[in-house]
file data12.txt (compact mmCIF, N, CA and C atoms)
# COMPACT_ATOMS: atom_id res chain seq x y z
N MET A 1 99.26 11.07 1.60
CA MET A 1 99.06 9.64 1.46
C MET A 1 98.12 9.12 2.56
N LYS A 2 98.29 9.62 3.78
CA LYS A 2 97.44 9.19 4.89
C LYS A 2 95.97 9.50 4.59
N ARG A 3 95.72 10.68 4.00
CA ARG A 3 94.35 11.07 3.68
C ARG A 3 93.77 10.13 2.61
N ILE A 4 94.56 9.74 1.64
CA ILE A 4 94.09 8.85 0.59
C ILE A 4 93.71 7.49 1.18
N ILE A 5 94.54 6.97 2.06
CA ILE A 5 94.25 5.68 2.70
C ILE A 5 93.00 5.76 3.55
N THR A 6 92.86 6.82 4.31
CA THR A 6 91.69 7.01 5.16
C THR A 6 90.42 7.09 4.31
N THR A 7 90.48 7.83 3.21
CA THR A 7 89.33 7.96 2.32
C THR A 7 88.98 6.61 1.69
N PHE A 8 90.00 5.88 1.28
CA PHE A 8 89.78 4.56 0.68
C PHE A 8 89.11 3.61 1.67
N LEU A 9 89.59 3.57 2.91
CA LEU A 9 89.02 2.70 3.93
C LEU A 9 87.59 3.09 4.25
N ALA A 10 87.32 4.37 4.33
CA ALA A 10 85.96 4.85 4.60
C ALA A 10 85.02 4.45 3.46
N THR A 11 85.50 4.54 2.23
CA THR A 11 84.70 4.14 1.07
C THR A 11 84.37 2.65 1.12
N LEU A 12 85.35 1.83 1.49
CA LEU A 12 85.11 0.40 1.62
C LEU A 12 84.05 0.09 2.66
N LEU A 13 84.11 0.78 3.79
CA LEU A 13 83.12 0.56 4.85
C LEU A 13 81.72 0.92 4.38
N VAL A 14 81.59 2.04 3.71
CA VAL A 14 80.28 2.47 3.22
C VAL A 14 79.79 1.50 2.15
N ALA A 15 80.64 1.10 1.24
CA ALA A 15 80.24 0.17 0.19
C ALA A 15 79.83 -1.17 0.78
N GLY A 16 80.56 -1.66 1.75
CA GLY A 16 80.22 -2.92 2.41
C GLY A 16 78.88 -2.84 3.10
N ALA A 17 78.61 -1.73 3.75
CA ALA A 17 77.33 -1.56 4.44
C ALA A 17 76.18 -1.53 3.45
N ALA A 18 76.42 -1.05 2.25
CA ALA A 18 75.36 -0.98 1.25
C ALA A 18 74.97 -2.37 0.76
N TRP A 19 75.88 -3.32 0.82
CA TRP A 19 75.59 -4.67 0.34
C TRP A 19 74.96 -5.54 1.39
N ALA A 20 75.24 -5.28 2.68
CA ALA A 20 74.67 -6.10 3.75
C ALA A 20 73.32 -5.51 4.16
N THR A 21 72.43 -6.38 4.58
CA THR A 21 71.10 -5.90 4.97
C THR A 21 70.52 -6.78 6.06
N ASP A 22 69.69 -6.19 6.87
CA ASP A 22 68.95 -6.95 7.87
C ASP A 22 67.65 -7.42 7.24
N ALA A 23 67.26 -8.64 7.54
CA ALA A 23 66.00 -9.17 7.01
C ALA A 23 65.42 -10.16 8.01
N ASP A 24 64.11 -10.33 7.94
CA ASP A 24 63.42 -11.32 8.75
C ASP A 24 63.08 -12.50 7.86
N GLY A 25 63.11 -13.68 8.45
CA GLY A 25 62.77 -14.85 7.66
C GLY A 25 62.37 -16.03 8.52
N GLU A 26 62.03 -17.11 7.84
CA GLU A 26 61.69 -18.36 8.50
C GLU A 26 62.50 -19.47 7.83
N VAL A 27 63.11 -20.32 8.64
CA VAL A 27 63.91 -21.42 8.12
C VAL A 27 62.97 -22.47 7.52
N ARG A 28 63.21 -22.82 6.26
CA ARG A 28 62.40 -23.81 5.57
C ARG A 28 63.18 -25.11 5.36
N ARG A 29 64.50 -25.00 5.22
CA ARG A 29 65.33 -26.20 4.99
C ARG A 29 66.75 -25.88 5.40
N ILE A 30 67.45 -26.89 5.90
CA ILE A 30 68.85 -26.75 6.28
C ILE A 30 69.63 -27.87 5.59
N ASP A 31 70.69 -27.49 4.90
CA ASP A 31 71.56 -28.46 4.23
C ASP A 31 72.97 -28.28 4.77
N LYS A 32 73.27 -28.99 5.84
CA LYS A 32 74.58 -28.85 6.49
C LYS A 32 75.72 -29.29 5.59
N SER A 33 75.51 -30.32 4.79
CA SER A 33 76.59 -30.84 3.94
C SER A 33 77.03 -29.83 2.88
N GLN A 34 76.12 -28.93 2.48
CA GLN A 34 76.44 -27.92 1.47
C GLN A 34 76.58 -26.52 2.06
N ALA A 35 76.41 -26.40 3.40
CA ALA A 35 76.47 -25.10 4.09
C ALA A 35 75.46 -24.12 3.48
N LYS A 36 74.20 -24.63 3.33
CA LYS A 36 73.15 -23.81 2.74
C LYS A 36 71.90 -23.84 3.62
N ILE A 37 71.14 -22.76 3.54
CA ILE A 37 69.89 -22.66 4.28
C ILE A 37 68.83 -22.08 3.35
N THR A 38 67.64 -22.62 3.41
CA THR A 38 66.52 -22.09 2.64
C THR A 38 65.68 -21.25 3.58
N LEU A 39 65.48 -19.99 3.20
CA LEU A 39 64.74 -19.06 4.02
C LEU A 39 63.56 -18.48 3.25
N LYS A 40 62.42 -18.41 3.90
CA LYS A 40 61.27 -17.65 3.39
C LYS A 40 61.43 -16.28 4.01
N HIS A 41 61.59 -15.25 3.19
CA HIS A 41 61.89 -13.92 3.74
C HIS A 41 61.01 -12.85 3.11
N GLY A 42 60.95 -11.73 3.79
CA GLY A 42 60.24 -10.58 3.27
C GLY A 42 61.12 -9.84 2.27
N GLU A 43 60.64 -8.69 1.82
CA GLU A 43 61.38 -7.87 0.87
C GLU A 43 62.74 -7.48 1.44
N ILE A 44 63.76 -7.55 0.61
CA ILE A 44 65.09 -7.08 0.98
C ILE A 44 65.43 -5.97 0.00
N LYS A 45 65.12 -4.73 0.39
CA LYS A 45 65.23 -3.58 -0.51
C LYS A 45 66.65 -3.36 -1.01
N SER A 46 67.63 -3.47 -0.14
CA SER A 46 68.99 -3.16 -0.56
C SER A 46 69.54 -4.18 -1.57
N LEU A 47 68.94 -5.35 -1.63
CA LEU A 47 69.34 -6.35 -2.63
C LEU A 47 68.35 -6.38 -3.80
N ASP A 48 67.37 -5.44 -3.77
CA ASP A 48 66.34 -5.36 -4.80
C ASP A 48 65.65 -6.72 -4.98
N MET A 49 65.24 -7.30 -3.83
CA MET A 49 64.68 -8.64 -3.83
C MET A 49 63.29 -8.62 -3.20
N PRO A 50 62.28 -9.11 -3.94
CA PRO A 50 60.94 -9.18 -3.36
C PRO A 50 60.84 -10.33 -2.37
N PRO A 51 59.75 -10.39 -1.61
CA PRO A 51 59.56 -11.53 -0.72
C PRO A 51 59.57 -12.84 -1.51
N MET A 52 60.23 -13.84 -0.97
CA MET A 52 60.30 -15.13 -1.65
C MET A 52 60.92 -16.16 -0.72
N THR A 53 60.98 -17.38 -1.20
CA THR A 53 61.70 -18.45 -0.52
C THR A 53 62.90 -18.79 -1.40
N MET A 54 64.10 -18.75 -0.81
CA MET A 54 65.29 -19.03 -1.61
C MET A 54 66.39 -19.63 -0.77
N VAL A 55 67.36 -20.18 -1.46
CA VAL A 55 68.51 -20.82 -0.82
C VAL A 55 69.65 -19.80 -0.72
N PHE A 56 70.27 -19.76 0.46
CA PHE A 56 71.44 -18.92 0.70
C PHE A 56 72.60 -19.82 1.15
N ARG A 57 73.79 -19.44 0.81
CA ARG A 57 74.97 -20.04 1.43
C ARG A 57 75.10 -19.39 2.81
N VAL A 58 75.79 -20.04 3.72
CA VAL A 58 76.06 -19.42 5.02
C VAL A 58 77.57 -19.25 5.19
N LYS A 59 77.93 -18.13 5.75
CA LYS A 59 79.35 -17.82 5.95
C LYS A 59 80.01 -18.82 6.89
N ASP A 60 79.29 -19.21 7.94
CA ASP A 60 79.83 -20.15 8.92
C ASP A 60 78.87 -21.33 9.07
N PRO A 61 79.24 -22.50 8.56
CA PRO A 61 78.35 -23.67 8.63
C PRO A 61 77.95 -24.07 10.05
N LYS A 62 78.72 -23.69 11.06
CA LYS A 62 78.38 -24.02 12.45
C LYS A 62 77.06 -23.39 12.87
N TRP A 63 76.69 -22.29 12.25
CA TRP A 63 75.42 -21.62 12.58
C TRP A 63 74.24 -22.56 12.36
N LEU A 64 74.35 -23.45 11.40
CA LEU A 64 73.25 -24.34 11.06
C LEU A 64 72.94 -25.33 12.19
N ASP A 65 73.93 -25.58 13.06
CA ASP A 65 73.72 -26.50 14.19
C ASP A 65 72.75 -25.95 15.22
N ARG A 66 72.60 -24.64 15.28
CA ARG A 66 71.74 -24.05 16.31
C ARG A 66 70.38 -23.59 15.76
N LEU A 67 70.11 -23.95 14.51
CA LEU A 67 68.83 -23.58 13.90
C LEU A 67 68.04 -24.84 13.55
N ALA A 68 66.72 -24.66 13.45
CA ALA A 68 65.85 -25.78 13.07
C ALA A 68 64.79 -25.27 12.09
N VAL A 69 64.27 -26.17 11.28
CA VAL A 69 63.20 -25.82 10.36
C VAL A 69 62.04 -25.25 11.16
N GLY A 70 61.51 -24.14 10.70
CA GLY A 70 60.41 -23.47 11.38
C GLY A 70 60.85 -22.30 12.25
N ASP A 71 62.14 -22.21 12.56
CA ASP A 71 62.64 -21.09 13.37
C ASP A 71 62.45 -19.77 12.63
N LYS A 72 62.02 -18.75 13.37
CA LYS A 72 61.99 -17.39 12.86
C LYS A 72 63.37 -16.81 13.11
N VAL A 73 63.93 -16.13 12.09
CA VAL A 73 65.29 -15.62 12.20
C VAL A 73 65.39 -14.18 11.72
N ARG A 74 66.44 -13.54 12.13
CA ARG A 74 66.86 -12.23 11.65
C ARG A 74 68.23 -12.48 11.07
N PHE A 75 68.47 -11.97 9.84
CA PHE A 75 69.75 -12.27 9.21
C PHE A 75 70.25 -11.11 8.36
N LYS A 76 71.51 -11.17 8.02
CA LYS A 76 72.13 -10.24 7.08
C LYS A 76 72.63 -11.07 5.92
N ALA A 77 72.44 -10.53 4.73
CA ALA A 77 72.88 -11.24 3.54
C ALA A 77 73.58 -10.26 2.60
N VAL A 78 74.48 -10.81 1.81
CA VAL A 78 75.18 -10.03 0.80
C VAL A 78 75.08 -10.76 -0.53
N ASN A 79 75.22 -10.00 -1.59
CA ASN A 79 75.31 -10.55 -2.93
C ASN A 79 76.78 -10.48 -3.32
N ASP A 80 77.43 -11.62 -3.30
CA ASP A 80 78.86 -11.68 -3.61
C ASP A 80 79.01 -12.27 -5.01
N ALA A 81 79.03 -11.39 -6.00
CA ALA A 81 79.18 -11.80 -7.40
C ALA A 81 78.12 -12.82 -7.82
N GLY A 82 76.89 -12.58 -7.39
CA GLY A 82 75.79 -13.45 -7.79
C GLY A 82 75.49 -14.58 -6.83
N THR A 83 76.31 -14.74 -5.80
CA THR A 83 76.07 -15.76 -4.77
C THR A 83 75.54 -15.06 -3.53
N PHE A 84 74.30 -15.36 -3.18
CA PHE A 84 73.71 -14.74 -1.99
C PHE A 84 74.17 -15.53 -0.76
N THR A 85 74.79 -14.81 0.17
CA THR A 85 75.40 -15.43 1.34
C THR A 85 74.91 -14.77 2.61
N VAL A 86 74.50 -15.57 3.58
CA VAL A 86 74.13 -15.08 4.91
C VAL A 86 75.42 -14.84 5.67
N THR A 87 75.61 -13.60 6.12
CA THR A 87 76.82 -13.25 6.85
C THR A 87 76.61 -13.19 8.35
N GLU A 88 75.35 -13.13 8.77
CA GLU A 88 74.97 -13.16 10.19
C GLU A 88 73.56 -13.72 10.26
N ILE A 89 73.29 -14.49 11.31
CA ILE A 89 71.93 -15.01 11.49
C ILE A 89 71.72 -15.33 12.97
N GLU A 90 70.50 -15.04 13.45
CA GLU A 90 70.16 -15.35 14.83
C GLU A 90 68.66 -15.59 14.91
N ALA A 91 68.26 -16.36 15.91
CA ALA A 91 66.84 -16.59 16.15
C ALA A 91 66.19 -15.25 16.48
N ALA A 92 65.01 -15.01 15.91
CA ALA A 92 64.27 -13.77 16.17
C ALA A 92 63.76 -13.77 17.59
N LYS A 93 63.73 -12.61 18.20
CA LYS A 93 63.29 -12.49 19.59
C LYS A 93 61.87 -11.98 19.64

call {"tool": "encode", "arguments": {"input": "data12.txt", "output": "structure tokens"}}
result
Amino acid sequence: MKRIITTFLATLLVAGAAWATDADGEVRRIDKSQAKITLKHGEIKSLDMPPMTMVFRVKDPKWLDRLAVGDKVRFKAVNDAGTFTVTEIEAAK
């Protein structure tokens, strides 16, 4: 039973990593009331997404307080049943 649980947890970790991805982008719009951010980003291969400008939900709306339109960012996004969500974001260095 211990081996089954360990295998299951390892599978979840690998599957989760396959959905999250690092990407570079530029903030185009911030909508704090809806917890959304519009990012112009490059190709995101793991999400099979070409470069484009699109709206993402953000996991933590507080992140929007420290960003401004025009900021260059590095972020991670996931596709959660058709809803693209930023799970991490920081100003690019």

call {"tool": "residues_around", "arguments": {"input": "data12.txt", "residues": "range 36-45 of chain A", "least_positions_apart": "4", "cutoff": "5 Å", "atoms": "only N, CA and C atoms", "output": "ChimeraX atom specification"}}
result
/A:24-31,49-58

call {"tool": "atom_distance", "arguments": {"input": "data12.txt", "atom1": "CA of Asn79 in chain A", "atom2": "CA of Lys62 in chain A"}}
result
20.7 Å

call {"tool": "closest_residue", "arguments": {"input": "data12.txt", "among": "A:Ala35, A:Thr87, A:Ala92, A:Asp60", "to": "Arg74 in chain A", "atoms": "all atoms listed in the file"}}
result
A:Ala92

call {"tool": "atom_distance", "arguments": {"input": "data12.txt", "atom1": "atom N of Lys72 in chain A", "atom2": "CA of Ala23 in chain A"}}
result
12.2 Å

call {"tool": "closest_residue", "arguments": {"input": "data12.txt", "among": "A:Ala68, A:Asp48, A:Asp22, A:Lys32", "to": "Glu88 in chain A", "atoms": "only C-alpha atoms"}}
result
A:Asp22

call {"tool": "atom_distance", "arguments": {"input": "data12.txt", "atom1": "CA of Leu47 in chain A", "atom2": "CA of Ser33 in chain A"}}
result
26.4 Å

call {"tool": "select_by_dssp", "arguments": {"input": "data12.txt", "residues": "range 27-65 of chain A", "states": "strand (DSSP E)", "output": "JSON, numbers by chain"}}
result
{"A": [27, 28, 29, 30, 31, 36, 37, 38, 39, 40, 41, 52, 53, 54, 55, 56, 57, 58]}

call {"tool": "closest_residue", "arguments": {"input": "data12.txt", "among": "A:Ile89, A:Gln34, A:Gly82, A:Lys76", "to": "Trp63 in chain A", "atoms": "only N, CA and C atoms"}}
result
A:Ile89

call {"tool": "closest_residue", "arguments": {"input": "data12.txt", "among": "A:Asp71, A:Ala91, A:Val86, A:Ala81", "to": "Lys59 in chain A", "atoms": "only N, CA and C atoms"}}
result
A:Val86
